[in-house]
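Peer 1: My structure is below; once you've seen it, I'll send some questions.
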Amino acid sequence: MADPILYSFRRCPYAMRARLALLVSGTACELREVKLSAKPAEMLETSPKGTVPVMVLPGGTVIDQSLDIMRWALSRHDPEGWLTRDDNALIAANDGGFKHDLDRYKYPHRHDSDALAHRESGMAFLRQLDARLAGSRHLCGPARGIADAAIMPFVRQFAAVDPDWFEAQPLKHLQAWLADHLHSPLFTAAMLRLSPWQTGDDPIRFASAG
């Protein structure tokens, strides 16, 4: 049977969390890296909303929400028990208010926003995460789970806007959690760098080495 096709952009946090779940579940796919300024026609025909990630299953079913891709992959195989370490409300807060602040902190000229005001607003969510991590190594217990993988790529982007400032903040539990994920073999594998896909390219199989 053919592998599913994943249209992805390595630096997009939504695409990153889908990649993490696919890898940890052992779900192989054909990875098509997308240049967001020149999205391939095949992707737009499949998912006219034009955002990544987009997964096309062998039977033609399209999954174009990152959390749905994560849950689909983990429902097939979940060797680390990620689905048992879930928190819908926390992920929704990340995808809602925190993502809103992240975009306006990272891209103030694009949004005509006050970057520092949105940085401080975003810090409220990060303080919540730090307090939670004071009691456990990961967000839902001693082992990583879907909540960690769903939220970490967004925290990573926030931290990367001004790394020195972020490291100086009193968020020692969150900082250690983020470093733990960024130095993991899983994250390294998910960060596979590819040239943008074009029609006719040989398929690139994206799969766990395990």
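Just remember, in the structure tokens the first chain shown is A, the second B, etc., residues are 1-based per chain, and ligands are 1-based in the order shown.
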At most 12 Å is the cut-off: for each residue in region 64-135 of chain A with any atom that close to an atom of region 28-46 of chain A, write down the nearest atom pair and the distance in Å rounded to one decimal, counting only C-alpha atoms, chain first then increasing number, as a tab-separated table.
Peer 2:
residue	atom	partner	partner_atom	distance
A:Asp64	CA	A:Thr46	CA	9.3
A:Ile69	CA	A:Cys29	CA	11.9
A:Ala73	CA	A:Ala28	CA	9.7
A:Arg76	CA	A:Ala28	CA	11.8
A:His77	CA	A:Ala28	CA	11.6
Peer 1: Suppose we keep N, CA and C atoms; can you now write the selection as a CSV table (one decimal), in the first residue's frame?
Peer 2:
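The result, stored in part.csv:
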chain,number,residue,atom,x,y,z
A,64,ASP,N,-6.6,17.9,7.2
A,64,ASP,CA,-5.8,19.2,7.0
A,64,ASP,C,-5.8,20.0,8.3
A,69,ILE,N,-4.3,15.2,12.5
A,69,ILE,CA,-3.2,14.3,11.9
A,69,ILE,C,-2.6,13.6,13.1
A,73,ALA,N,-2.7,9.5,13.6
A,73,ALA,CA,-1.5,8.7,13.6
A,73,ALA,C,-1.4,7.9,14.9
A,76,ARG,N,-3.6,4.8,15.4
A,76,ARG,CA,-3.2,3.6,14.7
A,76,ARG,C,-2.1,2.9,15.5
A,77,HIS,N,-1.2,3.7,16.1
A,77,HIS,CA,-0.1,3.1,16.9
A,77,HIS,C,0.5,4.1,17.9
Peer 1: Using only C-alpha atoms, which residues sit within 10 Å of His181 (chain A) once same-chain residues fewer than 6 positions away are excluded, as a list in words?
Peer 2: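 Counting only the stated atoms, we get His138, Arg144, Asp148, Ala149, Met152, Pro153, Arg156, Phe187 and Thr188 of chain A.
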Peer 1: Output all heavy atoms for every residue in that selection, as a compact mmCIF listing (two decimals), in the first residue's frame.
Peer 2:
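Printed below is again_35.txt as written:
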# COMPACT_ATOMS: atom_id res chain seq x y z
N HIS A 138 6.97 16.59 32.49
CA HIS A 138 6.24 16.96 31.28
C HIS A 138 4.86 17.48 31.65
O HIS A 138 4.47 17.47 32.83
CB HIS A 138 6.16 15.77 30.33
CG HIS A 138 7.51 15.35 29.81
ND1 HIS A 138 8.17 16.03 28.82
CD2 HIS A 138 8.34 14.34 30.20
CE1 HIS A 138 9.34 15.45 28.58
NE2 HIS A 138 9.47 14.43 29.41
N ARG A 144 6.66 12.25 28.19
CA ARG A 144 6.09 13.14 27.18
C ARG A 144 4.82 12.55 26.59
O ARG A 144 4.65 11.33 26.54
CB ARG A 144 7.12 13.40 26.07
CG ARG A 144 7.51 12.17 25.26
CD ARG A 144 8.65 12.47 24.31
NE ARG A 144 9.01 11.28 23.53
CZ ARG A 144 10.04 11.21 22.68
NH1 ARG A 144 10.82 12.27 22.52
NH2 ARG A 144 10.29 10.11 22.01
N ASP A 148 2.51 17.76 25.18
CA ASP A 148 3.86 18.32 25.03
C ASP A 148 4.19 18.56 23.56
O ASP A 148 4.68 19.63 23.18
CB ASP A 148 4.90 17.36 25.62
CG ASP A 148 4.66 17.08 27.09
OD1 ASP A 148 5.05 17.91 27.92
OD2 ASP A 148 4.05 16.03 27.41
N ALA A 149 3.93 17.57 22.72
CA ALA A 149 4.28 17.68 21.31
C ALA A 149 3.44 18.73 20.60
O ALA A 149 3.90 19.38 19.66
CB ALA A 149 4.11 16.32 20.63
N MET A 152 4.92 22.34 22.36
CA MET A 152 6.35 22.67 22.32
C MET A 152 6.77 23.48 21.09
O MET A 152 7.54 24.46 21.23
CB MET A 152 7.17 21.38 22.43
CG MET A 152 8.69 21.60 22.43
SD MET A 152 9.43 21.76 20.77
CE MET A 152 9.18 20.11 20.13
N PRO A 153 6.32 23.18 19.86
CA PRO A 153 6.80 23.95 18.71
C PRO A 153 6.45 25.44 18.79
O PRO A 153 7.19 26.28 18.27
CB PRO A 153 6.11 23.29 17.52
CG PRO A 153 5.85 21.88 17.98
CD PRO A 153 5.51 22.03 19.43
N ARG A 156 8.81 27.00 21.37
CA ARG A 156 10.11 27.12 20.69
C ARG A 156 10.17 28.40 19.86
O ARG A 156 11.16 29.13 19.89
CB ARG A 156 10.34 25.90 19.80
CG ARG A 156 11.55 26.00 18.88
CD ARG A 156 11.71 24.73 18.05
NE ARG A 156 12.77 24.86 17.08
CZ ARG A 156 12.60 25.21 15.80
NH1 ARG A 156 11.38 25.45 15.34
NH2 ARG A 156 13.64 25.32 14.99
N PHE A 187 12.96 15.13 17.95
CA PHE A 187 12.92 16.47 17.36
C PHE A 187 13.93 16.60 16.23
O PHE A 187 13.64 17.18 15.18
CB PHE A 187 13.18 17.53 18.42
CG PHE A 187 13.16 18.93 17.88
CD1 PHE A 187 11.96 19.55 17.59
CD2 PHE A 187 14.34 19.62 17.64
CE1 PHE A 187 11.93 20.84 17.07
CE2 PHE A 187 14.33 20.90 17.13
CZ PHE A 187 13.12 21.52 16.84
N THR A 188 15.11 16.06 16.43
CA THR A 188 16.13 16.11 15.38
C THR A 188 15.62 15.46 14.10
O THR A 188 15.79 15.99 13.00
CB THR A 188 17.42 15.42 15.85
OG1 THR A 188 17.92 16.10 17.00
CG2 THR A 188 18.48 15.43 14.76
Peer 1: Mind checking DSSP for region 33-122 of chain A and telling me the strand (DSSP E) residues as a list in words?
Peer 2: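 Reading the DSSP output for region 33-122 of chain A, strand (DSSP E) covers Glu33, Val54, Met55, Val56, Val62 and Ile63 of chain A.
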Peer 1: Which neighbours of Met123 (chain A) fall inside 10 Å, counting only C-alpha atoms, when residues of the same chain fewer than 4 positions from it are skipped, and could you give them as a ChimeraX atom specification?
Peer 2: /A:98,101-102,117-119,127-129,158,166,169,171
Peer 1: How would the residues just chosen look if you wrote them out with all heavy atoms as a compact mmCIF listing (two decimals), in the first residue's frame?
Peer 2:
# COMPACT_ATOMS: atom_id res chain seq x y z
N PHE A 98 -2.43 32.16 23.05
CA PHE A 98 -0.97 32.19 22.98
C PHE A 98 -0.49 32.33 21.54
O PHE A 98 0.43 33.11 21.26
CB PHE A 98 -0.37 30.95 23.62
CG PHE A 98 1.14 30.95 23.61
CD1 PHE A 98 1.85 31.89 24.34
CD2 PHE A 98 1.85 30.04 22.84
CE1 PHE A 98 3.24 31.92 24.33
CE2 PHE A 98 3.24 30.06 22.81
CZ PHE A 98 3.93 31.00 23.56
N ASP A 101 -0.84 35.92 20.47
CA ASP A 101 0.24 36.76 20.98
C ASP A 101 1.57 36.45 20.31
O ASP A 101 2.35 37.37 20.02
CB ASP A 101 0.36 36.59 22.49
CG ASP A 101 -0.77 37.25 23.26
OD1 ASP A 101 -1.19 38.35 22.87
OD2 ASP A 101 -1.25 36.65 24.24
N LEU A 102 1.84 35.18 20.07
CA LEU A 102 3.09 34.80 19.42
C LEU A 102 3.23 35.46 18.05
O LEU A 102 4.29 36.02 17.73
CB LEU A 102 3.14 33.27 19.26
CG LEU A 102 4.24 32.69 18.38
CD1 LEU A 102 5.62 33.05 18.92
CD2 LEU A 102 4.08 31.17 18.27
N ALA A 117 3.97 44.32 24.21
CA ALA A 117 2.70 44.06 24.89
C ALA A 117 2.27 42.62 24.66
O ALA A 117 1.79 41.95 25.59
CB ALA A 117 1.63 45.03 24.39
N HIS A 118 2.45 42.14 23.45
CA HIS A 118 2.06 40.76 23.16
C HIS A 118 3.06 39.76 23.76
O HIS A 118 2.68 38.65 24.12
CB HIS A 118 1.90 40.56 21.65
CG HIS A 118 0.63 41.15 21.13
ND1 HIS A 118 -0.59 40.56 21.32
CD2 HIS A 118 0.40 42.31 20.47
CE1 HIS A 118 -1.54 41.30 20.77
NE2 HIS A 118 -0.97 42.37 20.25
N ARG A 119 4.31 40.17 23.89
CA ARG A 119 5.27 39.31 24.59
C ARG A 119 4.84 39.11 26.03
O ARG A 119 4.85 37.99 26.55
CB ARG A 119 6.67 39.92 24.53
CG ARG A 119 7.73 39.05 25.19
CD ARG A 119 9.12 39.61 25.00
NE ARG A 119 9.37 40.76 25.87
CZ ARG A 119 10.53 41.43 25.92
NH1 ARG A 119 11.53 41.07 25.12
NH2 ARG A 119 10.69 42.45 26.73
N ARG A 127 4.01 31.24 31.98
CA ARG A 127 4.09 31.08 33.45
C ARG A 127 3.19 29.95 33.91
O ARG A 127 3.52 29.22 34.86
CB ARG A 127 3.72 32.39 34.13
CG ARG A 127 4.71 33.53 33.90
CD ARG A 127 4.35 34.77 34.71
NE ARG A 127 5.20 35.91 34.33
CZ ARG A 127 4.79 36.92 33.57
NH1 ARG A 127 3.54 36.96 33.12
NH2 ARG A 127 5.62 37.89 33.26
N GLN A 128 2.05 29.81 33.26
CA GLN A 128 1.15 28.70 33.59
C GLN A 128 1.83 27.37 33.30
O GLN A 128 1.77 26.44 34.11
CB GLN A 128 -0.14 28.83 32.77
CG GLN A 128 -1.13 27.69 32.97
CD GLN A 128 -2.32 27.78 32.03
OE1 GLN A 128 -2.53 28.78 31.34
NE2 GLN A 128 -3.11 26.72 31.98
N LEU A 129 2.50 27.28 32.16
CA LEU A 129 3.21 26.05 31.82
C LEU A 129 4.34 25.78 32.81
O LEU A 129 4.55 24.65 33.24
CB LEU A 129 3.77 26.13 30.40
CG LEU A 129 2.79 26.26 29.25
CD1 LEU A 129 3.54 26.27 27.92
CD2 LEU A 129 1.75 25.15 29.26
N PHE A 158 8.38 31.14 20.24
CA PHE A 158 8.38 32.29 21.15
C PHE A 158 9.78 32.52 21.70
O PHE A 158 10.27 33.66 21.72
CB PHE A 158 7.38 32.02 22.27
CG PHE A 158 7.11 33.22 23.16
CD1 PHE A 158 5.99 34.00 22.95
CD2 PHE A 158 7.96 33.54 24.20
CE1 PHE A 158 5.72 35.10 23.78
CE2 PHE A 158 7.71 34.63 25.02
CZ PHE A 158 6.58 35.41 24.81
N PHE A 166 14.66 35.41 26.63
CA PHE A 166 13.90 34.26 27.11
C PHE A 166 14.70 33.50 28.18
O PHE A 166 14.14 33.11 29.21
CB PHE A 166 13.58 33.33 25.94
CG PHE A 166 12.78 32.11 26.34
CD1 PHE A 166 11.42 32.19 26.55
CD2 PHE A 166 13.41 30.88 26.50
CE1 PHE A 166 10.69 31.07 26.94
CE2 PHE A 166 12.69 29.76 26.87
CZ PHE A 166 11.33 29.86 27.09
N GLN A 169 14.51 34.88 31.73
CA GLN A 169 13.23 34.90 32.45
C GLN A 169 13.20 33.81 33.54
O GLN A 169 13.83 32.76 33.39
CB GLN A 169 12.07 34.70 31.48
CG GLN A 169 11.99 35.75 30.39
CD GLN A 169 12.09 37.15 30.95
OE1 GLN A 169 11.27 37.58 31.75
NE2 GLN A 169 13.12 37.87 30.53
N LEU A 171 11.78 31.15 34.35
CA LEU A 171 10.94 30.05 33.83
C LEU A 171 11.79 28.77 33.77
O LEU A 171 11.83 28.09 32.75
CB LEU A 171 10.42 30.39 32.43
CG LEU A 171 9.52 31.61 32.27
CD1 LEU A 171 9.35 31.96 30.79
CD2 LEU A 171 8.17 31.39 32.92
Peer 1: Would you kindly return, as a list in words, each protein, DNA or RNA residue with an atom no farther than 9 Å from any atom of Ala115 (chain A), considering only C-alpha atoms and excluding same-chain residues fewer than 6 positions away?
Peer 2: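 With the cut-off at 9 Å, the set is Asp101, Leu102, Arg104, Tyr105, Lys106, Tyr107, Pro108 and His109 of chain A.
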Peer 1: For Leu139 (chain A), please output as a ChimeraX atom specification all residues within 12 Å (counting only C-alpha atoms; exclusion window: fewer than 4 positions along the same chain).
Peer 2: /A:82,84-88,90-91,126,128-135,143-152,173-174,177-178
Peer 1: Please return, as a PyMOL selection string, all residues of region 23-161 of chain A that DSSP assigns to alpha helix (DSSP H) on the basis of the backbone.
Peer 2: chain A and resi 23-25+41-46+66-76+88-93+99-106+108-111+115-133+146-161
Peer 1: Please determine, counting only C-alpha atoms, which residue among A:Leu116, A:Met70, A:Val155, A:Val56 has the shortest atom-to-atom distance to Lys99 (chain A).
Peer 2: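 Checking each candidate against Lys99 (chain A), we get A:Val155 as the closest.
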Peer 1: Can you work out the spacing between CA of Arg11 (chain A) and CA of Ser113 (chain A) in Å, to one decimal?
Peer 2: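 Distance reported for this atom pair: 22.2 Å.
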Peer 1: From the list A:Lys49, A:Arg17, A:His111, A:His100, which residue is nearest Ser66 (chain A) when using only C-alpha atoms?
Peer 2: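 Result for the nearest residue to Ser66 (chain A): A:Arg17.
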Peer 1: Compile the contact shell of Met191 (chain A) as a list in words: residues with an atom at most 12 Å away, counting only C-alpha atoms, same-chain residues fewer than 3 positions apart removed.
Peer 2: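 Residues meeting the cut-off are Ser8, Phe9, Arg10, Arg11, Cys12, Pro13, Ala15, Met16, Arg17, Ala18, Arg19, Leu20, Leu23, Leu31, Glu33, Pro153, Leu182, His183, Ser184, Pro185, Leu186, Phe187, Thr188, Leu194 and Phe206 of chain A.
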Peer 1: Given the selection you just returned, output its residues as a file containing N, CA and C atoms, formatted as a short mmCIF file (atom, residue, chain, number, x, y, z; two decimals), in the first residue's frame.
Peer 2:
data_model
loop_
_atom_site.label_atom_id
_atom_site.label_comp_id
_atom_site.auth_asym_id
_atom_site.auth_seq_id
_atom_site.Cartn_x
_atom_site.Cartn_y
_atom_site.Cartn_z
N SER A 8 4.05 19.74 4.04
CA SER A 8 4.54 20.28 5.30
C SER A 8 5.50 21.43 5.05
N PHE A 9 5.71 22.23 6.09
CA PHE A 9 6.73 23.27 6.08
C PHE A 9 7.47 23.17 7.40
N ARG A 10 8.73 22.86 7.34
CA ARG A 10 9.52 22.47 8.51
C ARG A 10 9.42 23.47 9.66
N ARG A 11 9.38 24.75 9.35
CA ARG A 11 9.41 25.76 10.40
C ARG A 11 8.02 26.14 10.93
N CYS A 12 6.98 25.57 10.36
CA CYS A 12 5.63 25.84 10.84
C CYS A 12 5.35 25.00 12.08
N PRO A 13 4.95 25.60 13.21
CA PRO A 13 4.73 24.79 14.41
C PRO A 13 3.59 23.79 14.27
N ALA A 15 2.85 22.16 11.48
CA ALA A 15 3.43 21.05 10.73
C ALA A 15 4.42 20.26 11.60
N MET A 16 5.16 20.97 12.44
CA MET A 16 6.13 20.29 13.30
C MET A 16 5.45 19.31 14.24
N ARG A 17 4.33 19.70 14.83
CA ARG A 17 3.72 18.77 15.77
C ARG A 17 3.12 17.57 15.06
N ALA A 18 2.67 17.76 13.82
CA ALA A 18 2.20 16.61 13.04
C ALA A 18 3.37 15.67 12.75
N ARG A 19 4.51 16.22 12.39
CA ARG A 19 5.69 15.39 12.12
C ARG A 19 6.09 14.59 13.36
N LEU A 20 6.06 15.21 14.52
CA LEU A 20 6.44 14.52 15.76
C LEU A 20 5.55 13.32 16.01
N LEU A 23 6.22 10.47 13.48
CA LEU A 23 7.45 9.74 13.78
C LEU A 23 7.30 8.83 14.99
N LEU A 31 6.92 12.74 2.29
CA LEU A 31 7.01 14.12 2.77
C LEU A 31 7.24 15.06 1.59
N GLU A 33 7.84 18.91 1.14
CA GLU A 33 8.11 20.21 1.76
C GLU A 33 7.54 21.31 0.88
N PRO A 153 6.32 23.18 19.86
CA PRO A 153 6.80 23.95 18.71
C PRO A 153 6.45 25.44 18.79
N LEU A 182 14.07 19.82 22.56
CA LEU A 182 14.88 20.27 21.41
C LEU A 182 16.13 19.42 21.22
N HIS A 183 16.60 18.77 22.27
CA HIS A 183 17.78 17.92 22.17
C HIS A 183 17.44 16.45 21.99
N SER A 184 16.16 16.16 21.82
CA SER A 184 15.75 14.76 21.68
C SER A 184 15.99 14.26 20.25
N PRO A 185 16.29 12.98 20.09
CA PRO A 185 16.39 12.41 18.73
C PRO A 185 15.11 12.57 17.93
N LEU A 186 13.96 12.55 18.60
CA LEU A 186 12.68 12.71 17.90
C LEU A 186 12.61 14.07 17.23
N PHE A 187 12.96 15.13 17.95
CA PHE A 187 12.92 16.47 17.36
C PHE A 187 13.93 16.60 16.23
N THR A 188 15.11 16.06 16.43
CA THR A 188 16.13 16.11 15.38
C THR A 188 15.62 15.46 14.10
N LEU A 194 14.46 19.65 3.72
CA LEU A 194 14.30 19.26 2.34
C LEU A 194 14.12 20.49 1.45
N PHE A 206 9.38 9.68 4.74
CA PHE A 206 9.59 10.22 6.08
C PHE A 206 9.11 9.17 7.07
#
Peer 1: Find the distance between CA of Gln157 (chain A) and CA of Arg137 (chain A) and write it in Å to one decimal.
Peer 2: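 Here the two named atoms are 20.6 Å from each other.
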Peer 1: CA of Val161 (chain A) and CA of Ala190 (chain A), how far apart in Å?
Peer 2: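 Spanning CA of Ala190 (chain A) to CA of Val161 (chain A) is a straight-line distance of 20.7 Å.
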